[in-house]
>>> print(open('my_file19.txt').read())   # compact mmCIF, C-alpha atoms and all ligand atoms
# COMPACT_ATOMS: atom_id res chain seq x y z
CA MET B 1 -11.96 -14.13 17.65
CA LYS B 2 -15.54 -14.71 16.58
CA ILE B 3 -15.55 -14.21 12.83
CA ALA B 4 -18.54 -14.21 10.48
CA VAL B 5 -17.60 -14.87 6.87
CA ILE B 6 -20.37 -13.76 4.52
CA GLY B 7 -19.95 -15.69 1.30
CA MET B 8 -18.52 -19.17 1.07
CA GLY B 9 -17.09 -18.97 -2.44
CA ASN B 10 -13.44 -18.84 -3.56
CA VAL B 11 -12.35 -16.17 -1.09
CA GLY B 12 -14.69 -16.80 1.86
CA SER B 13 -14.07 -20.54 2.04
CA ILE B 14 -10.28 -20.20 1.90
CA LEU B 15 -10.06 -17.41 4.48
CA GLY B 16 -12.58 -19.14 6.76
CA ARG B 17 -10.64 -22.39 6.62
CA ARG B 18 -7.32 -20.70 7.40
CA TRP B 19 -8.79 -18.80 10.36
CA ALA B 20 -10.51 -21.88 11.75
CA GLU B 21 -7.14 -23.68 11.52
CA ALA B 22 -5.57 -20.75 13.40
CA GLY B 23 -8.07 -21.23 16.24
CA HIS B 24 -10.68 -18.59 15.47
CA GLU B 25 -14.39 -19.30 15.90
CA VAL B 26 -15.64 -19.06 12.32
CA THR B 27 -19.29 -18.98 11.23
CA PHE B 28 -20.17 -18.77 7.57
CA GLY B 29 -23.19 -16.59 6.86
CA VAL B 30 -24.97 -18.14 3.88
CA ARG B 31 -28.26 -17.83 2.05
CA GLU B 32 -29.13 -21.53 2.30
CA LYS B 33 -28.01 -22.88 5.65
CA SER B 34 -29.96 -26.14 5.15
CA ASP B 35 -27.87 -27.07 2.10
CA THR B 36 -26.18 -30.36 3.08
CA LYS B 37 -23.08 -29.82 0.90
CA THR B 38 -22.48 -26.43 2.51
CA GLN B 39 -22.99 -27.91 5.96
CA ALA B 40 -20.49 -30.70 5.25
CA GLU B 41 -17.91 -28.19 3.94
CA ALA B 42 -18.23 -26.07 7.07
CA LYS B 43 -18.03 -29.10 9.34
CA ALA B 44 -14.85 -30.29 7.60
CA MET B 45 -13.31 -26.90 8.39
CA LYS B 46 -14.45 -27.06 12.02
CA ALA B 47 -16.56 -23.98 11.32
CA SER B 48 -20.25 -23.29 11.87
CA ILE B 49 -22.92 -22.19 9.51
CA GLY B 50 -25.88 -19.83 9.89
CA THR B 51 -27.93 -17.26 8.10
CA VAL B 52 -26.11 -14.05 7.32
CA ALA B 53 -27.96 -12.37 10.20
CA GLU B 54 -27.12 -15.14 12.69
CA ALA B 55 -23.45 -15.22 11.75
CA ALA B 56 -23.06 -11.43 11.90
CA ALA B 57 -24.95 -11.02 15.18
CA LYS B 58 -22.52 -13.09 17.23
CA ALA B 59 -19.30 -11.96 15.49
CA GLN B 60 -16.71 -9.37 16.46
CA VAL B 61 -15.41 -9.39 12.90
CA VAL B 62 -17.60 -9.63 9.81
CA VAL B 63 -15.94 -10.48 6.50
CA LEU B 64 -17.63 -9.43 3.28
CA ALA B 65 -16.69 -11.96 0.58
CA VAL B 66 -19.55 -11.69 -1.89
CA PRO B 67 -19.70 -10.40 -5.48
CA TRP B 68 -19.96 -6.62 -5.71
CA LYS B 69 -23.53 -6.72 -7.01
CA ALA B 70 -24.57 -8.76 -3.94
CA VAL B 71 -23.15 -6.27 -1.42
CA PRO B 72 -26.36 -4.28 -0.75
CA GLU B 73 -28.38 -7.46 -0.16
CA ALA B 74 -25.67 -9.10 1.99
CA LEU B 75 -25.25 -5.97 4.16
CA ALA B 76 -29.00 -5.59 4.56
CA ALA B 77 -29.21 -9.24 5.63
CA ALA B 78 -26.33 -8.78 8.11
CA GLY B 79 -28.26 -6.14 10.04
CA ASN B 80 -26.67 -3.66 12.42
CA LEU B 81 -22.85 -3.90 12.19
CA SER B 82 -22.15 -0.81 14.27
CA GLY B 83 -18.99 -1.23 16.36
CA LYS B 84 -17.89 -4.38 14.53
CA VAL B 85 -14.81 -4.73 12.37
CA LEU B 86 -15.99 -5.10 8.78
CA VAL B 87 -13.38 -6.69 6.55
CA ASP B 88 -14.12 -5.79 2.93
CA CYS B 89 -12.63 -8.18 0.35
CA THR B 90 -14.79 -7.06 -2.55
CA ASN B 91 -13.77 -5.63 -5.89
CA PRO B 92 -16.39 -3.63 -7.86
CA LEU B 93 -15.60 -5.48 -11.07
CA THR B 94 -17.53 -5.09 -14.29
CA GLN B 95 -19.18 -8.25 -15.60
CA ASP B 96 -16.37 -8.99 -18.09
CA LEU B 97 -13.63 -8.35 -15.46
CA SER B 98 -12.09 -5.64 -17.65
CA GLY B 99 -12.75 -2.69 -15.37
CA LEU B 100 -14.27 -1.33 -12.18
CA GLU B 101 -17.81 -0.04 -11.86
CA ILE B 102 -16.64 2.71 -9.50
CA GLY B 103 -13.29 4.20 -8.65
CA THR B 104 -10.95 7.19 -8.45
CA THR B 105 -13.35 9.42 -6.54
CA THR B 106 -14.72 6.64 -4.31
CA SER B 107 -14.21 2.92 -3.77
CA ALA B 108 -16.19 -0.19 -2.95
CA ALA B 109 -14.85 0.06 0.61
CA GLU B 110 -16.10 3.61 1.06
CA GLU B 111 -19.49 2.67 -0.36
CA VAL B 112 -19.61 -0.32 2.02
CA ALA B 113 -18.80 2.03 4.91
CA LYS B 114 -21.67 4.34 3.91
CA LYS B 115 -24.11 1.40 3.92
CA ALA B 116 -22.83 -0.28 7.12
CA LYS B 117 -23.25 2.67 9.45
CA GLY B 118 -20.90 2.60 12.44
CA ALA B 119 -18.93 -0.43 11.25
CA LYS B 120 -15.13 -0.18 11.29
CA VAL B 121 -14.36 -0.99 7.68
CA VAL B 122 -10.96 -2.28 6.59
CA LYS B 123 -10.16 -2.94 2.94
CA ILE B 124 -8.02 -6.06 2.69
CA PHE B 125 -7.75 -9.44 0.91
CA ASN B 126 -8.73 -7.90 -2.44
CA THR B 127 -5.41 -7.38 -4.23
CA THR B 128 -4.47 -10.97 -5.00
CA GLY B 129 -6.21 -14.10 -6.20
CA ALA B 130 -7.82 -16.67 -3.96
CA PRO B 131 -5.12 -19.30 -4.76
CA ASN B 132 -2.57 -16.98 -3.16
CA MET B 133 -4.76 -16.76 -0.06
CA ALA B 134 -4.68 -20.56 0.09
CA ASN B 135 -0.88 -20.43 -0.04
CA PRO B 136 0.71 -17.01 0.55
CA LYS B 137 4.27 -18.40 0.69
CA TYR B 138 6.56 -18.18 -2.34
CA GLY B 139 9.57 -20.11 -1.10
CA ALA B 140 10.85 -18.21 1.93
CA VAL B 141 8.83 -15.11 1.05
CA SER B 142 5.49 -14.32 2.72
CA LEU B 143 3.41 -12.29 0.28
CA PRO B 144 2.44 -8.78 1.35
CA MET B 145 -1.24 -8.06 2.05
CA LEU B 146 -2.08 -4.39 1.62
CA TYR B 147 -4.84 -2.91 3.71
CA ALA B 148 -6.53 0.44 4.34
CA GLY B 149 -8.92 1.78 6.94
CA ASP B 150 -9.74 4.66 9.26
CA ASP B 151 -9.94 2.85 12.60
CA ALA B 152 -6.56 1.99 14.14
CA ASP B 153 -7.86 -0.88 16.30
CA ALA B 154 -9.79 -2.43 13.42
CA LYS B 155 -6.68 -2.24 11.27
CA LYS B 156 -4.71 -4.09 13.97
CA VAL B 157 -7.33 -6.84 13.94
CA ALA B 158 -7.26 -7.07 10.13
CA ALA B 159 -3.45 -7.12 10.08
CA GLN B 160 -3.42 -10.00 12.57
CA LEU B 161 -5.98 -11.88 10.47
CA ALA B 162 -3.71 -11.43 7.44
CA LYS B 163 -0.79 -12.82 9.47
CA ASP B 164 -2.95 -15.75 10.56
CA VAL B 165 -3.44 -16.60 6.89
CA GLY B 166 0.32 -16.32 6.28
CA PHE B 167 0.62 -12.85 4.73
CA GLU B 168 2.87 -9.95 5.73
CA PRO B 169 0.38 -7.09 6.37
CA VAL B 170 1.18 -3.65 4.89
CA ASP B 171 -0.72 -0.53 6.00
CA VAL B 172 -1.49 1.72 3.01
CA GLY B 173 -3.32 4.40 5.02
CA PRO B 174 -6.91 5.60 5.40
CA LEU B 175 -9.95 3.95 3.82
CA THR B 176 -9.68 6.30 0.83
CA ALA B 177 -6.55 4.31 -0.12
CA ALA B 178 -8.97 1.57 -1.17
CA ARG B 179 -9.26 3.70 -4.33
CA LEU B 180 -5.73 2.48 -5.05
CA LEU B 181 -6.11 -1.09 -3.82
CA GLU B 182 -9.15 -1.93 -5.94
CA PRO B 183 -7.55 -1.05 -9.32
CA MET B 184 -4.50 -2.99 -8.15
CA ALA B 185 -6.67 -6.10 -8.13
CA LEU B 186 -7.41 -5.44 -11.79
CA ILE B 187 -3.73 -5.64 -12.66
CA TRP B 188 -3.58 -9.09 -11.06
CA ILE B 189 -6.76 -10.19 -12.84
CA THR B 190 -5.53 -8.82 -16.18
CA LEU B 191 -2.24 -10.69 -15.92
CA ALA B 192 -3.96 -13.86 -14.72
CA ILE B 193 -6.69 -13.97 -17.36
CA ARG B 194 -6.01 -11.71 -20.36
CA GLN B 195 -2.24 -12.13 -20.33
CA LYS B 196 -2.69 -15.83 -19.51
CA TRP B 197 -0.28 -15.97 -16.56
CA GLY B 198 -2.59 -18.25 -14.58
CA THR B 199 -2.73 -17.84 -10.81
CA ASP B 200 0.74 -18.80 -9.57
CA PHE B 201 2.15 -15.30 -9.36
CA ALA B 202 1.86 -12.38 -6.95
CA PHE B 203 3.03 -8.84 -6.33
CA ASN B 204 5.83 -8.39 -3.84
CA LEU B 205 7.32 -5.31 -2.15
CA ILE B 206 11.05 -4.88 -1.80
CA LYS B 207 13.00 -2.35 0.24
CA ARG B 208 16.55 -1.24 -0.45
CA PRO B 209 18.82 -3.02 2.05
CA GLY B 210 19.45 -0.89 5.13
CA LYS B 211 16.35 1.32 4.58
N1 LIG L 301 -11.80 -14.90 -6.51
C1 LIG L 301 -10.71 -14.19 -6.22
O1 LIG L 301 -9.58 -14.60 -6.53
C2 LIG L 301 -10.86 -12.87 -5.48
C3 LIG L 301 -9.71 -12.27 -4.94
C4 LIG L 301 -9.84 -11.08 -4.22
C5 LIG L 301 -11.09 -10.51 -4.05
N2 LIG L 301 -12.19 -11.09 -4.61
C6 LIG L 301 -13.50 -10.47 -4.38
O2 LIG L 301 -14.09 -11.17 -3.31
C7 LIG L 301 -15.51 -11.26 -3.50
C8 LIG L 301 -15.91 -12.74 -3.53
O3 LIG L 301 -15.28 -13.36 -4.64
P1 LIG L 301 -15.35 -14.93 -4.84
O4 LIG L 301 -14.47 -15.25 -6.00
O5 LIG L 301 -15.13 -15.62 -3.54
O6 LIG L 301 -16.87 -15.11 -5.30
P2 LIG L 301 -17.67 -16.46 -5.49
O7 LIG L 301 -16.74 -17.62 -5.55
O8 LIG L 301 -18.61 -16.23 -6.62
O9 LIG L 301 -18.49 -16.59 -4.12
C9 LIG L 301 -19.43 -15.63 -3.78
C10 LIG L 301 -20.15 -16.09 -2.52
O10 LIG L 301 -21.05 -15.07 -2.15
C11 LIG L 301 -22.31 -15.66 -1.85
N3 LIG L 301 -23.37 -14.70 -2.07
C12 LIG L 301 -23.79 -14.19 -3.25
N4 LIG L 301 -24.79 -13.33 -3.03
C13 LIG L 301 -25.00 -13.30 -1.69
C14 LIG L 301 -25.91 -12.60 -0.85
N5 LIG L 301 -26.79 -11.72 -1.35
N6 LIG L 301 -25.86 -12.83 0.46
C15 LIG L 301 -24.97 -13.69 0.98
N7 LIG L 301 -24.08 -14.39 0.25
C16 LIG L 301 -24.11 -14.19 -1.08
C17 LIG L 301 -22.40 -16.86 -2.77
O11 LIG L 301 -23.33 -17.76 -2.23
P3 LIG L 301 -24.48 -18.47 -3.05
O12 LIG L 301 -24.03 -19.89 -3.16
O13 LIG L 301 -25.68 -18.31 -2.16
O14 LIG L 301 -24.61 -17.79 -4.37
C18 LIG L 301 -20.97 -17.37 -2.69
O15 LIG L 301 -20.77 -18.18 -1.58
C19 LIG L 301 -15.81 -10.52 -4.80
O16 LIG L 301 -16.22 -9.21 -4.51
C20 LIG L 301 -14.47 -10.54 -5.54
O17 LIG L 301 -14.33 -9.45 -6.43
C21 LIG L 301 -12.10 -12.27 -5.30
>>> encode(input="my_file19.txt", output="structure tokens")
Amino acid sequence: MKIAVIGMGNVGSILGRRWAEAGHEVTFGVREKSDTKTQAEAKAMKASIGTVAEAAAKAQVVVLAVPWKAVPEALAAAGNLSGKVLVDCTNPLTQDLSGLEIGTTTSAAEEVAKKAKGAKVVKIFNTTGAPNMANPKYGAVSLPMLYAGDDADAKKVAAQLAKDVGFEPVDVGPLTAARLLEPMALIWITLAIRQKWGTDFAFNLIKRPGK
């Protein structure tokens, strides 16, 4: 698929690399496409680079991997995303990572959907740390990747992209379920940072045998 990854930080660069390795046509949408370090990083991944608008225009799937406060600017730069799958990885974290700026009655994903009119938003890749996206295998176990959205076809695309990274996708329901997925990220962050677990841990799901 043609994938635009907006944001080339911890999350964007790892996901983009994994998808390029899986054979997808990845273009990073960045603010400074003339930056030589960024260009070299993209080239090493066999990915392309462009402005946010250029990357989004040619993509079937647009991945939002920017800080929460940058979302309005990034979406404005992306232009018209109507009809595209919009993969939302963001968490609306407070500055000190102790809480969420919004939640319970809405979610970052729902706010993204309001701004990106007509885009098929799927909330995914937000509930675990970037190191687990780089390596979602714990021994024989593939980590679950929970996702939520309102468009069945877009959710199929997002689930396949999670598989391509090495996750086991888990459908949590409509986009409003992002209200559950975003606080879940805070549990991971709290354990990782405040409880000093570091990043080599993850949530797993287990079913009773035979069920
Ligand atoms: N880090 C994690 O483990 C993790 C896990 C799950 C979800 N998340 C969520 O994923 C999102 C990205 O996190 P991250 O850790 O990857 O952040 P990050 O490392 O700080 O990278 C953010 C990227 O966004 C770009 N960016 C910032 N403002 C932009 C704008 N207006 N337009 C286009 N690009 C812009 C930055 O580019 P510049 O170089 O131009 O600033 C940078 O490449 C956040 O919402 C975060 O909460 C993070």
>>> residues_around(input="my_file19.txt", residues="Trp68 in chain B", least_positions_apart="3", cutoff="12 Å", atoms="all atoms listed in the file", output="PyMOL selection string")
chain B and resi 7+64-65+71-75+88-95+97+100-102+107-109+111-112+126+182
>>> closest_residue(input="my_file19.txt", among="B:Asp200, B:Glu41, B:Glu110, B:Glu54", to="Gly149 in chain B", atoms="only C-alpha atoms")
B:Glu110
>>> axis_aligned_box(input="my_file19.txt", around="range 129-143 of chain B", padding_each_side="4 Å", output="AutoDock Vina command-line options")
--center_x 1.5 --center_y -16.4 --center_z -1.7 --size_x 26.7 --size_y 16.3 --size_z 16.9
>>> closest_residue(input="my_file19.txt", among="B:Ala152, B:Ile3, B:Ala76, B:Ala40", to="Ala56 in chain B", atoms="all atoms listed in the file")
B:Ile3
>>> atom_distance(input="my_file19.txt", atom1="CA of Ile14 in chain B", atom2="atom C10 of ligand LIG 301 (chain L)")
11.6 Å
>>> residues_around(input="my_file19.txt", residues="His24 in chain B", least_positions_apart="4", cutoff="8 Å", atoms="all atoms listed in the file", output="PDB file with C-alpha atoms, in the frame of the given file")
ATOM      1  CA  MET B   1     -11.960 -14.130  17.650  1.00  0.00           C
ATOM      2  CA  LYS B   2     -15.540 -14.710  16.580  1.00  0.00           C
ATOM      3  CA  ILE B   3     -15.550 -14.210  12.830  1.00  0.00           C
ATOM      4  CA  TRP B  19      -8.790 -18.800  10.360  1.00  0.00           C
ATOM      5  CA  ALA B  20     -10.510 -21.880  11.750  1.00  0.00           C
TER       6      ALA B  20
END
>>> residues_around(input="my_file19.txt", residues="Ile187 in chain B", least_positions_apart="2", cutoff="12 Å", atoms="all atoms listed in the file", output="ChimeraX atom specification")
/B:93,97-100,126-129,180-185,189-195,197,201-203
>>> decode(input="my_file19.txt", residues="range 3-37 of chain B", atoms="N, CA and C atoms", output="compact mmCIF listing (two decimals), in the first residue's frame")
# COMPACT_ATOMS: atom_id res chain seq x y z
N ILE B 3 1.72 4.39 1.84
CA ILE B 3 1.52 4.86 3.20
C ILE B 3 2.29 6.16 3.42
N ALA B 4 1.61 7.17 3.93
CA ALA B 4 2.28 8.40 4.36
C ALA B 4 2.40 8.35 5.87
N VAL B 5 3.62 8.48 6.37
CA VAL B 5 3.81 8.54 7.82
C VAL B 5 4.17 9.97 8.18
N ILE B 6 3.26 10.63 8.90
CA ILE B 6 3.50 12.02 9.30
C ILE B 6 4.15 12.00 10.68
N GLY B 7 5.39 12.43 10.71
CA GLY B 7 6.18 12.36 11.94
C GLY B 7 7.20 11.25 11.81
N MET B 8 8.44 11.60 12.00
CA MET B 8 9.52 10.62 11.82
C MET B 8 10.30 10.49 13.12
N GLY B 9 9.55 10.51 14.25
CA GLY B 9 10.18 10.38 15.56
C GLY B 9 10.23 8.92 15.98
N ASN B 10 10.07 8.69 17.29
CA ASN B 10 10.16 7.31 17.83
C ASN B 10 9.19 6.37 17.11
N VAL B 11 7.93 6.76 17.08
CA VAL B 11 6.89 5.88 16.54
C VAL B 11 6.91 5.85 15.01
N GLY B 12 6.91 7.02 14.38
CA GLY B 12 6.84 7.08 12.92
C GLY B 12 7.99 6.36 12.25
N SER B 13 9.21 6.56 12.77
CA SER B 13 10.36 5.95 12.10
C SER B 13 10.35 4.42 12.23
N ILE B 14 9.92 3.93 13.39
CA ILE B 14 9.88 2.47 13.57
C ILE B 14 8.80 1.85 12.68
N LEU B 15 7.60 2.41 12.74
CA LEU B 15 6.51 1.84 11.93
C LEU B 15 6.86 1.93 10.43
N GLY B 16 7.36 3.10 10.02
CA GLY B 16 7.71 3.27 8.60
C GLY B 16 8.74 2.26 8.14
N ARG B 17 9.74 2.04 8.99
CA ARG B 17 10.78 1.06 8.63
C ARG B 17 10.19 -0.34 8.47
N ARG B 18 9.35 -0.71 9.45
CA ARG B 18 8.78 -2.08 9.41
C ARG B 18 7.90 -2.25 8.16
N TRP B 19 7.14 -1.24 7.81
CA TRP B 19 6.24 -1.36 6.65
C TRP B 19 7.04 -1.35 5.35
N ALA B 20 8.10 -0.56 5.30
CA ALA B 20 8.94 -0.58 4.09
C ALA B 20 9.55 -1.98 3.94
N GLU B 21 9.99 -2.56 5.05
CA GLU B 21 10.56 -3.92 5.01
C GLU B 21 9.52 -4.93 4.54
N ALA B 22 8.25 -4.66 4.88
CA ALA B 22 7.16 -5.59 4.49
C ALA B 22 6.71 -5.35 3.05
N GLY B 23 7.32 -4.39 2.37
CA GLY B 23 7.01 -4.17 0.95
C GLY B 23 6.06 -3.04 0.64
N HIS B 24 5.68 -2.28 1.64
CA HIS B 24 4.80 -1.12 1.39
C HIS B 24 5.62 0.05 0.86
N GLU B 25 4.91 0.93 0.15
CA GLU B 25 5.56 2.14 -0.39
C GLU B 25 5.38 3.26 0.63
N VAL B 26 6.44 3.52 1.38
CA VAL B 26 6.33 4.45 2.51
C VAL B 26 6.94 5.81 2.17
N THR B 27 6.18 6.87 2.44
CA THR B 27 6.72 8.23 2.32
C THR B 27 6.53 8.93 3.66
N PHE B 28 7.62 9.45 4.19
CA PHE B 28 7.52 10.23 5.42
C PHE B 28 7.16 11.66 5.08
N GLY B 29 6.13 12.17 5.74
CA GLY B 29 5.76 13.57 5.57
C GLY B 29 6.41 14.36 6.70
N VAL B 30 7.34 15.25 6.33
CA VAL B 30 8.13 15.96 7.35
C VAL B 30 8.06 17.47 7.12
N ARG B 31 8.50 18.20 8.14
CA ARG B 31 8.47 19.67 8.01
C ARG B 31 9.66 20.19 7.23
N GLU B 32 10.79 19.46 7.29
CA GLU B 32 12.01 19.92 6.63
C GLU B 32 12.52 18.83 5.69
N LYS B 33 12.00 18.77 4.50
CA LYS B 33 12.39 17.65 3.63
C LYS B 33 13.80 17.81 3.06
N SER B 34 14.39 19.01 3.19
CA SER B 34 15.75 19.21 2.68
C SER B 34 16.82 18.82 3.71
N ASP B 35 16.39 18.44 4.91
CA ASP B 35 17.34 18.05 5.95
C ASP B 35 18.08 16.77 5.52
N THR B 36 19.41 16.85 5.44
CA THR B 36 20.18 15.73 4.86
C THR B 36 20.14 14.49 5.76
N LYS B 37 20.11 14.70 7.08
CA LYS B 37 20.06 13.55 8.01
C LYS B 37 18.74 12.79 7.84
